Amino acid sequence: MTFSDASVPNAPIDSSAVSLVVGASGGVGEALVAALQARGETVWTWSRTGDSPVDITDEASVSAAAALLQAQLLADGRTLRRVLVATGVLHGQTADGQPMVPERSWRDMRPEALMQQFRTNALGPMLLLKHLLPLLPKREPSWVACLSARVGSVGDNRLGGWYSYRAAKAALNQLVHTAAIELARSHPQACCVVLHPGTVDTPLSRPFAKAGLQVRPPAVAAQELLAVLDALSPAQTGLFFDHHGQPVPW
(Lines give C-alpha, C1' and ligand atoms only; values in the text may rest on other atoms or scores of the structure.)
Protein backbone atom coordinates (compact mmCIF):
# COMPACT_ATOMS: atom_id res chain seq x y z
CA MET A 1 0.00 0.00 0.00
CA THR A 2 1.29 3.47 -0.82
CA PHE A 3 0.29 6.65 0.98
CA SER A 4 0.95 9.95 -0.80
CA ASP A 5 -0.38 13.40 -0.05
CA ALA A 6 -0.70 15.93 -2.84
CA SER A 7 1.86 18.69 -2.78
CA VAL A 8 -0.09 21.25 -4.78
CA PRO A 9 -1.13 24.44 -2.98
CA ASN A 10 -4.89 24.07 -3.40
CA ALA A 11 -5.99 21.90 -0.45
CA PRO A 12 -9.27 19.98 -0.69
CA ILE A 13 -12.26 21.41 1.13
CA ASP A 14 -12.23 18.47 3.54
CA SER A 15 -8.58 18.08 4.45
CA SER A 16 -9.29 14.83 6.28
CA ALA A 17 -10.75 13.10 3.21
CA VAL A 18 -8.86 10.35 1.43
CA SER A 19 -9.35 8.89 -2.03
CA LEU A 20 -8.21 5.29 -2.57
CA VAL A 21 -7.28 4.25 -6.11
CA VAL A 22 -7.01 0.49 -6.62
CA GLY A 23 -5.06 -0.51 -9.73
CA ALA A 24 -2.89 2.59 -9.47
CA SER A 25 -0.08 1.04 -11.51
CA GLY A 26 -2.28 0.75 -14.62
CA GLY A 27 -2.75 3.40 -17.27
CA VAL A 28 -6.13 4.74 -16.13
CA GLY A 29 -5.38 4.20 -12.45
CA GLU A 30 -2.14 6.14 -12.63
CA ALA A 31 -3.92 8.97 -14.46
CA LEU A 32 -6.67 9.06 -11.81
CA VAL A 33 -4.07 9.41 -9.07
CA ALA A 34 -2.40 12.29 -10.91
CA ALA A 35 -5.71 14.03 -11.59
CA LEU A 36 -6.84 13.77 -7.97
CA GLN A 37 -3.51 15.03 -6.67
CA ALA A 38 -3.64 17.93 -9.11
CA ARG A 39 -6.93 18.92 -7.45
CA GLY A 40 -5.17 19.02 -4.10
CA GLU A 41 -6.63 15.79 -2.78
CA THR A 42 -4.95 13.18 -0.61
CA VAL A 43 -4.63 9.93 -2.53
CA TRP A 44 -3.72 6.50 -1.23
CA THR A 45 -3.03 3.72 -3.71
CA TRP A 46 -3.16 -0.04 -4.01
CA SER A 47 -1.60 -2.02 -6.83
CA ARG A 48 0.02 -5.35 -7.65
CA THR A 49 3.44 -3.71 -7.55
CA GLY A 50 5.27 -1.62 -5.00
CA ASP A 51 6.41 -2.17 -1.43
CA SER A 52 3.12 -3.70 -0.27
CA PRO A 53 1.42 -5.31 -3.28
CA VAL A 54 -2.28 -6.13 -3.08
CA ASP A 55 -3.63 -9.12 -5.01
CA ILE A 56 -7.33 -8.39 -5.45
CA THR A 57 -8.07 -12.02 -6.34
CA ASP A 58 -6.71 -13.20 -2.98
CA GLU A 59 -9.07 -12.41 -0.11
CA ALA A 60 -6.32 -12.71 2.50
CA SER A 61 -4.35 -10.02 0.65
CA VAL A 62 -7.36 -7.71 0.35
CA SER A 63 -8.39 -8.26 3.96
CA ALA A 64 -4.91 -7.50 5.27
CA ALA A 65 -4.63 -4.35 3.15
CA ALA A 66 -8.08 -3.18 4.30
CA ALA A 67 -7.14 -3.72 7.96
CA LEU A 68 -3.99 -1.67 7.45
CA LEU A 69 -5.96 1.04 5.70
CA GLN A 70 -8.51 1.17 8.52
CA ALA A 71 -5.76 1.48 11.11
CA GLN A 72 -4.10 4.26 9.12
CA LEU A 73 -7.38 6.15 8.78
CA LEU A 74 -7.93 5.99 12.53
CA ALA A 75 -4.33 6.94 13.34
CA ASP A 76 -4.42 9.94 10.99
CA GLY A 77 -7.98 11.00 11.79
CA ARG A 78 -8.97 10.70 8.15
CA THR A 79 -12.13 9.65 6.29
CA LEU A 80 -12.30 7.33 3.29
CA ARG A 81 -14.32 9.54 0.97
CA ARG A 82 -13.77 7.97 -2.46
CA VAL A 83 -12.83 4.51 -3.74
CA LEU A 84 -11.91 4.07 -7.40
CA VAL A 85 -11.38 0.52 -8.67
CA ALA A 86 -9.39 0.76 -11.90
CA THR A 87 -8.41 -2.89 -12.21
CA GLY A 88 -9.13 -5.25 -15.08
CA VAL A 89 -7.76 -7.62 -17.68
CA LEU A 90 -8.69 -8.17 -21.31
CA HIS A 91 -5.83 -10.23 -22.69
CA GLY A 92 -2.69 -11.92 -21.45
CA GLN A 93 -2.16 -15.39 -20.05
CA THR A 94 -4.31 -17.84 -18.14
CA ALA A 95 -3.19 -19.43 -14.86
CA ASP A 96 -1.85 -22.41 -16.82
CA GLY A 97 0.26 -20.15 -19.04
CA GLN A 98 -1.91 -20.28 -22.16
CA PRO A 99 -2.60 -17.15 -24.26
CA MET A 100 -5.83 -15.34 -23.38
CA VAL A 101 -7.42 -13.18 -26.07
CA PRO A 102 -11.00 -12.07 -26.75
CA GLU A 103 -12.93 -14.85 -28.47
CA ARG A 104 -14.41 -14.25 -31.90
CA SER A 105 -16.65 -17.31 -31.70
CA TRP A 106 -17.98 -19.82 -29.19
CA ARG A 107 -15.56 -22.22 -30.86
CA ASP A 108 -12.71 -20.26 -29.26
CA MET A 109 -14.09 -20.55 -25.71
CA ARG A 110 -11.75 -22.14 -23.17
CA PRO A 111 -12.72 -22.72 -19.54
CA GLU A 112 -9.38 -21.44 -18.23
CA ALA A 113 -9.79 -18.10 -19.98
CA LEU A 114 -13.37 -17.70 -18.78
CA MET A 115 -12.39 -18.38 -15.18
CA GLN A 116 -9.41 -16.02 -15.39
CA GLN A 117 -11.66 -13.23 -16.66
CA PHE A 118 -14.16 -13.81 -13.86
CA ARG A 119 -11.43 -14.03 -11.24
CA THR A 120 -9.87 -10.69 -12.17
CA ASN A 121 -12.80 -8.66 -13.52
CA ALA A 122 -15.60 -9.81 -11.20
CA LEU A 123 -14.30 -11.65 -8.13
CA GLY A 124 -11.46 -9.17 -7.49
CA PRO A 125 -13.63 -6.03 -7.42
CA MET A 126 -16.26 -7.83 -5.32
CA LEU A 127 -13.63 -8.73 -2.71
CA LEU A 128 -12.64 -5.06 -2.66
CA LEU A 129 -16.24 -4.01 -2.09
CA LYS A 130 -16.64 -6.59 0.67
CA HIS A 131 -13.70 -5.22 2.65
CA LEU A 132 -13.78 -1.52 1.72
CA LEU A 133 -17.46 -0.54 1.81
CA PRO A 134 -17.64 -0.97 5.62
CA LEU A 135 -14.85 1.62 5.94
CA LEU A 136 -16.89 4.40 4.32
CA PRO A 137 -18.45 7.04 6.60
CA LYS A 138 -22.02 6.09 7.44
CA ARG A 139 -23.47 9.59 7.72
CA GLU A 140 -21.34 11.55 5.26
CA PRO A 141 -21.14 11.60 1.46
CA SER A 142 -18.89 9.05 -0.23
CA TRP A 143 -18.35 7.70 -3.73
CA VAL A 144 -17.35 4.29 -5.03
CA ALA A 145 -16.74 3.56 -8.71
CA CYS A 146 -15.64 0.37 -10.43
CA LEU A 147 -14.44 0.63 -14.01
CA SER A 148 -16.34 -1.72 -16.27
CA ALA A 149 -16.85 -1.71 -20.06
CA ARG A 150 -19.70 -1.06 -22.42
CA VAL A 151 -19.20 -4.54 -23.88
CA GLY A 152 -20.40 -5.86 -20.50
CA SER A 153 -23.83 -4.44 -21.28
CA VAL A 154 -26.31 -7.17 -22.26
CA GLY A 155 -28.71 -4.66 -23.75
CA ASP A 156 -26.02 -2.97 -25.85
CA ASN A 157 -24.49 -6.18 -27.24
CA ARG A 158 -24.97 -5.99 -31.00
CA LEU A 159 -21.78 -7.60 -32.33
CA GLY A 160 -21.33 -10.74 -30.24
CA GLY A 161 -17.91 -12.23 -29.58
CA TRP A 162 -15.61 -11.49 -26.65
CA TYR A 163 -17.51 -14.06 -24.58
CA SER A 164 -15.34 -14.24 -21.48
CA TYR A 165 -14.69 -10.51 -21.14
CA ARG A 166 -18.32 -9.59 -21.79
CA ALA A 167 -19.59 -12.13 -19.27
CA ALA A 168 -17.10 -11.12 -16.58
CA LYS A 169 -17.90 -7.43 -16.95
CA ALA A 170 -21.63 -8.17 -16.94
CA ALA A 171 -21.07 -10.07 -13.69
CA LEU A 172 -19.15 -7.09 -12.29
CA ASN A 173 -22.03 -4.80 -13.19
CA GLN A 174 -24.51 -7.02 -11.35
CA LEU A 175 -22.26 -7.34 -8.31
CA VAL A 176 -21.79 -3.57 -7.99
CA HIS A 177 -25.50 -2.93 -8.53
CA THR A 178 -26.39 -5.44 -5.82
CA ALA A 179 -23.76 -4.10 -3.41
CA ALA A 180 -25.05 -0.57 -3.95
CA ILE A 181 -28.54 -1.64 -2.85
CA GLU A 182 -27.16 -3.10 0.38
CA LEU A 183 -24.82 -0.15 0.95
CA ALA A 184 -27.70 2.32 0.71
CA ARG A 185 -29.32 0.77 3.77
CA SER A 186 -26.37 1.51 6.06
CA HIS A 187 -24.75 4.42 4.18
CA PRO A 188 -27.58 6.58 2.84
CA GLN A 189 -25.25 9.27 1.51
CA ALA A 190 -23.03 6.88 -0.45
CA CYS A 191 -23.02 6.60 -4.24
CA CYS A 192 -21.70 3.31 -5.65
CA VAL A 193 -21.62 3.02 -9.44
CA VAL A 194 -20.09 1.35 -12.48
CA LEU A 195 -18.28 3.55 -15.01
CA HIS A 196 -17.32 2.88 -18.62
CA PRO A 197 -14.11 4.82 -19.39
CA GLY A 198 -14.37 4.47 -23.15
CA THR A 199 -11.42 3.38 -25.27
CA VAL A 200 -8.24 4.58 -23.60
CA ASP A 201 -4.70 4.38 -24.94
CA THR A 202 -3.44 1.78 -22.46
CA PRO A 203 -1.85 -1.68 -22.84
CA LEU A 204 -5.25 -3.23 -22.03
CA SER A 205 -7.09 -1.82 -25.04
CA ARG A 206 -4.29 -0.77 -27.40
CA PRO A 207 -4.17 -4.05 -29.40
CA PHE A 208 -7.91 -3.83 -30.06
CA ALA A 209 -8.36 -0.10 -30.74
CA LYS A 210 -9.97 -0.15 -34.17
CA ALA A 211 -9.82 2.68 -36.67
CA GLY A 212 -12.73 5.05 -36.13
CA LEU A 213 -12.91 4.61 -32.36
CA GLN A 214 -12.30 7.66 -30.20
CA VAL A 215 -9.13 6.65 -28.38
CA ARG A 216 -8.22 9.09 -25.63
CA PRO A 217 -5.09 9.50 -23.52
CA PRO A 218 -5.37 8.24 -19.93
CA ALA A 219 -5.14 11.79 -18.57
CA VAL A 220 -8.21 12.84 -20.57
CA ALA A 221 -10.13 9.72 -19.55
CA ALA A 222 -9.31 10.35 -15.89
CA GLN A 223 -10.62 13.91 -16.03
CA GLU A 224 -13.82 12.72 -17.71
CA LEU A 225 -14.40 9.98 -15.15
CA LEU A 226 -13.87 12.33 -12.21
CA ALA A 227 -16.23 14.88 -13.74
CA VAL A 228 -18.91 12.19 -14.00
CA LEU A 229 -18.31 11.02 -10.45
CA ASP A 230 -18.37 14.57 -9.08
CA ALA A 231 -21.84 15.09 -10.54
CA LEU A 232 -23.37 11.94 -9.01
CA SER A 233 -25.44 11.83 -5.85
CA PRO A 234 -26.95 8.99 -3.79
CA ALA A 235 -29.96 9.16 -6.12
CA GLN A 236 -27.79 7.59 -8.86
CA THR A 237 -26.26 4.84 -6.73
CA GLY A 238 -26.20 1.40 -8.32
CA LEU A 239 -26.28 2.70 -11.90
CA PHE A 240 -23.97 2.34 -14.93
CA PHE A 241 -22.62 5.45 -16.70
CA ASP A 242 -20.22 6.11 -19.54
CA HIS A 243 -17.44 8.70 -19.49
CA HIS A 244 -19.84 11.36 -20.76
CA GLY A 245 -22.19 10.79 -17.81
CA GLN A 246 -24.78 9.03 -19.98
CA PRO A 247 -26.53 5.92 -18.61
CA VAL A 248 -25.49 2.60 -20.16
CA PRO A 249 -28.13 -0.14 -20.43
CA TRP A 250 -27.60 -3.23 -18.33
# chains A, B, ... in the order shown; residues from 1 in each chain; ligands from 1
$ residues_around --residues "Glu140 of chain A" --least-positions-apart "2" --cutoff "8 Å" --atoms "only C-alpha atoms" --output "JSON, numbers by chain"
{"A": [137, 138, 142, 187, 189, 190]}
$ residues_around --residues "Gly238 of chain A" --least-positions-apart "2" --cutoff "8 Å" --atoms "only C-alpha atoms" --output "VMD selection string"
chain A and resid 176 to 181 191 to 194 236 240
$ write_last_selection --atoms "N, CA and C atoms" --output "PDB file, in the first residue's frame"
ATOM      1  N   VAL A 176     -21.816  -4.954  -8.491  1.00  0.00           N
ATOM      2  CA  VAL A 176     -21.788  -3.570  -7.994  1.00  0.00           C
ATOM      3  C   VAL A 176     -23.203  -3.058  -7.757  1.00  0.00           C
ATOM      4  N   HIS A 177     -24.101  -3.358  -8.686  1.00  0.00           N
ATOM      5  CA  HIS A 177     -25.496  -2.933  -8.531  1.00  0.00           C
ATOM      6  C   HIS A 177     -26.098  -3.510  -7.252  1.00  0.00           C
ATOM      7  N   THR A 178     -25.851  -4.777  -7.004  1.00  0.00           N
ATOM      8  CA  THR A 178     -26.392  -5.440  -5.818  1.00  0.00           C
ATOM      9  C   THR A 178     -25.757  -4.883  -4.542  1.00  0.00           C
ATOM     10  N   ALA A 179     -24.437  -4.668  -4.570  1.00  0.00           N
ATOM     11  CA  ALA A 179     -23.756  -4.100  -3.407  1.00  0.00           C
ATOM     12  C   ALA A 179     -24.255  -2.699  -3.103  1.00  0.00           C
ATOM     13  N   ALA A 180     -24.562  -1.936  -4.157  1.00  0.00           N
ATOM     14  CA  ALA A 180     -25.054  -0.568  -3.951  1.00  0.00           C
ATOM     15  C   ALA A 180     -26.397  -0.565  -3.227  1.00  0.00           C
ATOM     16  N   ILE A 181     -27.243  -1.539  -3.529  1.00  0.00           N
ATOM     17  CA  ILE A 181     -28.537  -1.637  -2.850  1.00  0.00           C
ATOM     18  C   ILE A 181     -28.329  -1.883  -1.358  1.00  0.00           C
ATOM     19  N   CYS A 191     -22.677   6.822  -2.834  1.00  0.00           N
ATOM     20  CA  CYS A 191     -23.018   6.604  -4.243  1.00  0.00           C
ATOM     21  C   CYS A 191     -22.029   5.593  -4.800  1.00  0.00           C
ATOM     22  N   CYS A 192     -22.531   4.423  -5.166  1.00  0.00           N
ATOM     23  CA  CYS A 192     -21.700   3.314  -5.648  1.00  0.00           C
ATOM     24  C   CYS A 192     -22.126   2.966  -7.066  1.00  0.00           C
ATOM     25  N   VAL A 193     -21.237   3.149  -8.040  1.00  0.00           N
ATOM     26  CA  VAL A 193     -21.620   3.022  -9.444  1.00  0.00           C
ATOM     27  C   VAL A 193     -20.587   2.240 -10.246  1.00  0.00           C
ATOM     28  N   VAL A 194     -20.983   1.940 -11.484  1.00  0.00           N
ATOM     29  CA  VAL A 194     -20.092   1.354 -12.481  1.00  0.00           C
ATOM     30  C   VAL A 194     -19.859   2.407 -13.557  1.00  0.00           C
ATOM     31  N   GLN A 236     -28.265   8.363  -7.708  1.00  0.00           N
ATOM     32  CA  GLN A 236     -27.791   7.587  -8.859  1.00  0.00           C
ATOM     33  C   GLN A 236     -27.033   6.330  -8.431  1.00  0.00           C
ATOM     34  N   PHE A 240     -25.080   2.572 -14.000  1.00  0.00           N
ATOM     35  CA  PHE A 240     -23.971   2.341 -14.927  1.00  0.00           C
ATOM     36  C   PHE A 240     -23.919   3.534 -15.871  1.00  0.00           C
TER      37      PHE A 240
END
$ atom_distance --atom1 "atom CA of Val33 of chain A" --atom2 "atom CA of Pro188 of chain A"
26.5 Å
$ select_by_dssp --residues "segment 44-215 of chain A" --states "helix (DSSP H, G or I)" --output "PyMOL selection string"
chain A and resi 59-76+106-108+111-135+150-152+163-186+206-208
$ closest_residue --among "A:Leu172, A:Leu36, A:Leu74, A:Ala24" --to "Gly50 of chain A" --atoms "only C-alpha atoms"
A:Ala24
$ residues_around --residues "Arg150 of chain A" --least-positions-apart "3" --cutoff "8 Å" --atoms "only C-alpha atoms" --output "ChimeraX atom specification"
/A:153,156,196,198,242,248
$ closest_residue --among "A:Pro217, A:Gly88, A:Gly26, A:Gly124" --to "Asp58 of chain A" --atoms "only C-alpha atoms"
A:Gly124
$ residues_around --residues "Ser63 of chain A" --least-positions-apart "5" --cutoff "9 Å" --atoms "only C-alpha atoms" --output "PDB file with N, CA and C atoms, in the first residue's frame"
ATOM      1  N   ASP A  58      -7.039 -12.449  -4.183  1.00  0.00           N
ATOM      2  CA  ASP A  58      -6.705 -13.201  -2.978  1.00  0.00           C
ATOM      3  C   ASP A  58      -7.332 -12.493  -1.789  1.00  0.00           C
ATOM      4  N   LEU A  68      -5.027  -2.679   7.358  1.00  0.00           N
ATOM      5  CA  LEU A  68      -3.986  -1.670   7.452  1.00  0.00           C
ATOM      6  C   LEU A  68      -4.529  -0.292   7.121  1.00  0.00           C
ATOM      7  N   LEU A 127     -14.380  -8.612  -3.956  1.00  0.00           N
ATOM      8  CA  LEU A 127     -13.633  -8.729  -2.708  1.00  0.00           C
ATOM      9  C   LEU A 127     -13.260  -7.341  -2.176  1.00  0.00           C
ATOM     10  N   LEU A 128     -12.931  -6.431  -3.075  1.00  0.00           N
ATOM     11  CA  LEU A 128     -12.638  -5.065  -2.660  1.00  0.00           C
ATOM     12  C   LEU A 128     -13.855  -4.415  -2.021  1.00  0.00           C
ATOM     13  N   HIS A 131     -14.579  -5.670   1.561  1.00  0.00           N
ATOM     14  CA  HIS A 131     -13.704  -5.218   2.646  1.00  0.00           C
ATOM     15  C   HIS A 131     -13.563  -3.701   2.740  1.00  0.00           C
ATOM     16  N   LEU A 132     -13.934  -2.971   1.694  1.00  0.00           N
ATOM     17  CA  LEU A 132     -13.779  -1.518   1.716  1.00  0.00           C
ATOM     18  C   LEU A 132     -15.064  -0.760   2.014  1.00  0.00           C
TER      19      LEU A 132
END
$ closest_residue --among "A:Val85, A:Thr94, A:Pro234, A:Val18" --to "Gln70 of chain A" --atoms "only C-alpha atoms"
A:Val18
$ atom_distance --atom1 "atom CA of Glu182 of chain A" --atom2 "atom CA of Leu114 of chain A"
27.8 Å
$ closest_residue --among "A:Gln174, A:Asn157, A:Gln116, A:Ser233" --to "Gly97 of chain A" --atoms "only C-alpha atoms"
A:Gln116
$ decode --residues "segment 179-190 of chain A" --atoms "all heavy atoms" --output "PDB file, in the first residue's frame"
ATOM      1  N   ALA A 179     -24.437  -4.668  -4.570  1.00  0.00           N
ATOM      2  CA  ALA A 179     -23.756  -4.100  -3.407  1.00  0.00           C
ATOM      3  C   ALA A 179     -24.255  -2.699  -3.103  1.00  0.00           C
ATOM      4  O   ALA A 179     -24.374  -2.302  -1.928  1.00  0.00           O
ATOM      5  CB  ALA A 179     -22.251  -4.091  -3.640  1.00  0.00           C
ATOM      6  N   ALA A 180     -24.562  -1.936  -4.157  1.00  0.00           N
ATOM      7  CA  ALA A 180     -25.054  -0.568  -3.951  1.00  0.00           C
ATOM      8  C   ALA A 180     -26.397  -0.565  -3.227  1.00  0.00           C
ATOM      9  O   ALA A 180     -26.661   0.313  -2.400  1.00  0.00           O
ATOM     10  CB  ALA A 180     -25.177   0.143  -5.293  1.00  0.00           C
ATOM     11  N   ILE A 181     -27.243  -1.539  -3.529  1.00  0.00           N
ATOM     12  CA  ILE A 181     -28.537  -1.637  -2.850  1.00  0.00           C
ATOM     13  C   ILE A 181     -28.329  -1.883  -1.358  1.00  0.00           C
ATOM     14  O   ILE A 181     -28.959  -1.239  -0.503  1.00  0.00           O
ATOM     15  CB  ILE A 181     -29.379  -2.764  -3.476  1.00  0.00           C
ATOM     16  CG1 ILE A 181     -29.757  -2.414  -4.919  1.00  0.00           C
ATOM     17  CG2 ILE A 181     -30.634  -3.025  -2.642  1.00  0.00           C
ATOM     18  CD1 ILE A 181     -30.410  -3.546  -5.682  1.00  0.00           C
ATOM     19  N   GLU A 182     -27.430  -2.803  -1.033  1.00  0.00           N
ATOM     20  CA  GLU A 182     -27.158  -3.098   0.377  1.00  0.00           C
ATOM     21  C   GLU A 182     -26.483  -1.916   1.067  1.00  0.00           C
ATOM     22  O   GLU A 182     -26.808  -1.577   2.210  1.00  0.00           O
ATOM     23  CB  GLU A 182     -26.276  -4.336   0.480  1.00  0.00           C
ATOM     24  CG  GLU A 182     -25.967  -4.753   1.907  1.00  0.00           C
ATOM     25  CD  GLU A 182     -25.144  -6.025   1.999  1.00  0.00           C
ATOM     26  OE1 GLU A 182     -24.890  -6.649   0.949  1.00  0.00           O
ATOM     27  OE2 GLU A 182     -24.770  -6.395   3.123  1.00  0.00           O
ATOM     28  N   LEU A 183     -25.545  -1.280   0.368  1.00  0.00           N
ATOM     29  CA  LEU A 183     -24.823  -0.153   0.948  1.00  0.00           C
ATOM     30  C   LEU A 183     -25.760   0.994   1.296  1.00  0.00           C
ATOM     31  O   LEU A 183     -25.578   1.663   2.325  1.00  0.00           O
ATOM     32  CB  LEU A 183     -23.754   0.336  -0.040  1.00  0.00           C
ATOM     33  CG  LEU A 183     -22.882   1.508   0.411  1.00  0.00           C
ATOM     34  CD1 LEU A 183     -22.008   1.113   1.592  1.00  0.00           C
ATOM     35  CD2 LEU A 183     -22.033   2.017  -0.760  1.00  0.00           C
ATOM     36  N   ALA A 184     -26.768   1.211   0.475  1.00  0.00           N
ATOM     37  CA  ALA A 184     -27.695   2.324   0.707  1.00  0.00           C
ATOM     38  C   ALA A 184     -28.443   2.192   2.035  1.00  0.00           C
ATOM     39  O   ALA A 184     -28.856   3.198   2.624  1.00  0.00           O
ATOM     40  CB  ALA A 184     -28.682   2.426  -0.448  1.00  0.00           C
ATOM     41  N   ARG A 185     -28.608   0.976   2.514  1.00  0.00           N
ATOM     42  CA  ARG A 185     -29.323   0.771   3.773  1.00  0.00           C
ATOM     43  C   ARG A 185     -28.522   1.266   4.970  1.00  0.00           C
ATOM     44  O   ARG A 185     -29.092   1.778   5.936  1.00  0.00           O
ATOM     45  CB  ARG A 185     -29.652  -0.706   3.942  1.00  0.00           C
ATOM     46  CG  ARG A 185     -30.547  -1.264   2.837  1.00  0.00           C
ATOM     47  CD  ARG A 185     -30.858  -2.740   3.063  1.00  0.00           C
ATOM     48  NE  ARG A 185     -31.595  -3.300   1.928  1.00  0.00           N
ATOM     49  CZ  ARG A 185     -31.286  -4.419   1.307  1.00  0.00           C
ATOM     50  NH1 ARG A 185     -30.240  -5.128   1.723  1.00  0.00           N
ATOM     51  NH2 ARG A 185     -31.999  -4.845   0.289  1.00  0.00           N
ATOM     52  N   SER A 186     -27.213   1.104   4.932  1.00  0.00           N
ATOM     53  CA  SER A 186     -26.368   1.505   6.059  1.00  0.00           C
ATOM     54  C   SER A 186     -25.631   2.817   5.825  1.00  0.00           C
ATOM     55  O   SER A 186     -25.214   3.477   6.780  1.00  0.00           O
ATOM     56  CB  SER A 186     -25.343   0.402   6.354  1.00  0.00           C
ATOM     57  OG  SER A 186     -24.542   0.152   5.209  1.00  0.00           O
ATOM     58  N   HIS A 187     -25.468   3.189   4.545  1.00  0.00           N
ATOM     59  CA  HIS A 187     -24.748   4.416   4.184  1.00  0.00           C
ATOM     60  C   HIS A 187     -25.616   5.224   3.221  1.00  0.00           C
ATOM     61  O   HIS A 187     -25.386   5.220   2.013  1.00  0.00           O
ATOM     62  CB  HIS A 187     -23.406   4.076   3.527  1.00  0.00           C
ATOM     63  CG  HIS A 187     -22.439   3.358   4.404  1.00  0.00           C
ATOM     64  ND1 HIS A 187     -22.650   2.064   4.852  1.00  0.00           N
ATOM     65  CD2 HIS A 187     -21.240   3.750   4.927  1.00  0.00           C
ATOM     66  CE1 HIS A 187     -21.615   1.696   5.596  1.00  0.00           C
ATOM     67  NE2 HIS A 187     -20.759   2.695   5.663  1.00  0.00           N
ATOM     68  N   PRO A 188     -26.613   5.908   3.714  1.00  0.00           N
ATOM     69  CA  PRO A 188     -27.585   6.577   2.838  1.00  0.00           C
ATOM     70  C   PRO A 188     -27.012   7.698   1.983  1.00  0.00           C
ATOM     71  O   PRO A 188     -27.647   8.098   1.006  1.00  0.00           O
ATOM     72  CB  PRO A 188     -28.629   7.115   3.821  1.00  0.00           C
ATOM     73  CG  PRO A 188     -27.923   7.201   5.130  1.00  0.00           C
ATOM     74  CD  PRO A 188     -26.949   6.071   5.140  1.00  0.00           C
ATOM     75  N   GLN A 189     -25.835   8.194   2.309  1.00  0.00           N
ATOM     76  CA  GLN A 189     -25.251   9.268   1.506  1.00  0.00           C
ATOM     77  C   GLN A 189     -24.161   8.761   0.556  1.00  0.00           C
ATOM     78  O   GLN A 189     -23.463   9.545  -0.073  1.00  0.00           O
ATOM     79  CB  GLN A 189     -24.663  10.347   2.418  1.00  0.00           C
ATOM     80  CG  GLN A 189     -25.718  11.075   3.242  1.00  0.00           C
ATOM     81  CD  GLN A 189     -25.169  12.336   3.869  1.00  0.00           C
ATOM     82  OE1 GLN A 189     -24.632  13.210   3.183  1.00  0.00           O
ATOM     83  NE2 GLN A 189     -25.301  12.452   5.182  1.00  0.00           N
ATOM     84  N   ALA A 190     -24.040   7.452   0.447  1.00  0.00           N
ATOM     85  CA  ALA A 190     -23.030   6.884  -0.451  1.00  0.00           C
ATOM     86  C   ALA A 190     -23.578   6.743  -1.866  1.00  0.00           C
ATOM     87  O   ALA A 190     -24.770   6.543  -2.069  1.00  0.00           O
ATOM     88  CB  ALA A 190     -22.578   5.523   0.073  1.00  0.00           C
TER      89      ALA A 190
END
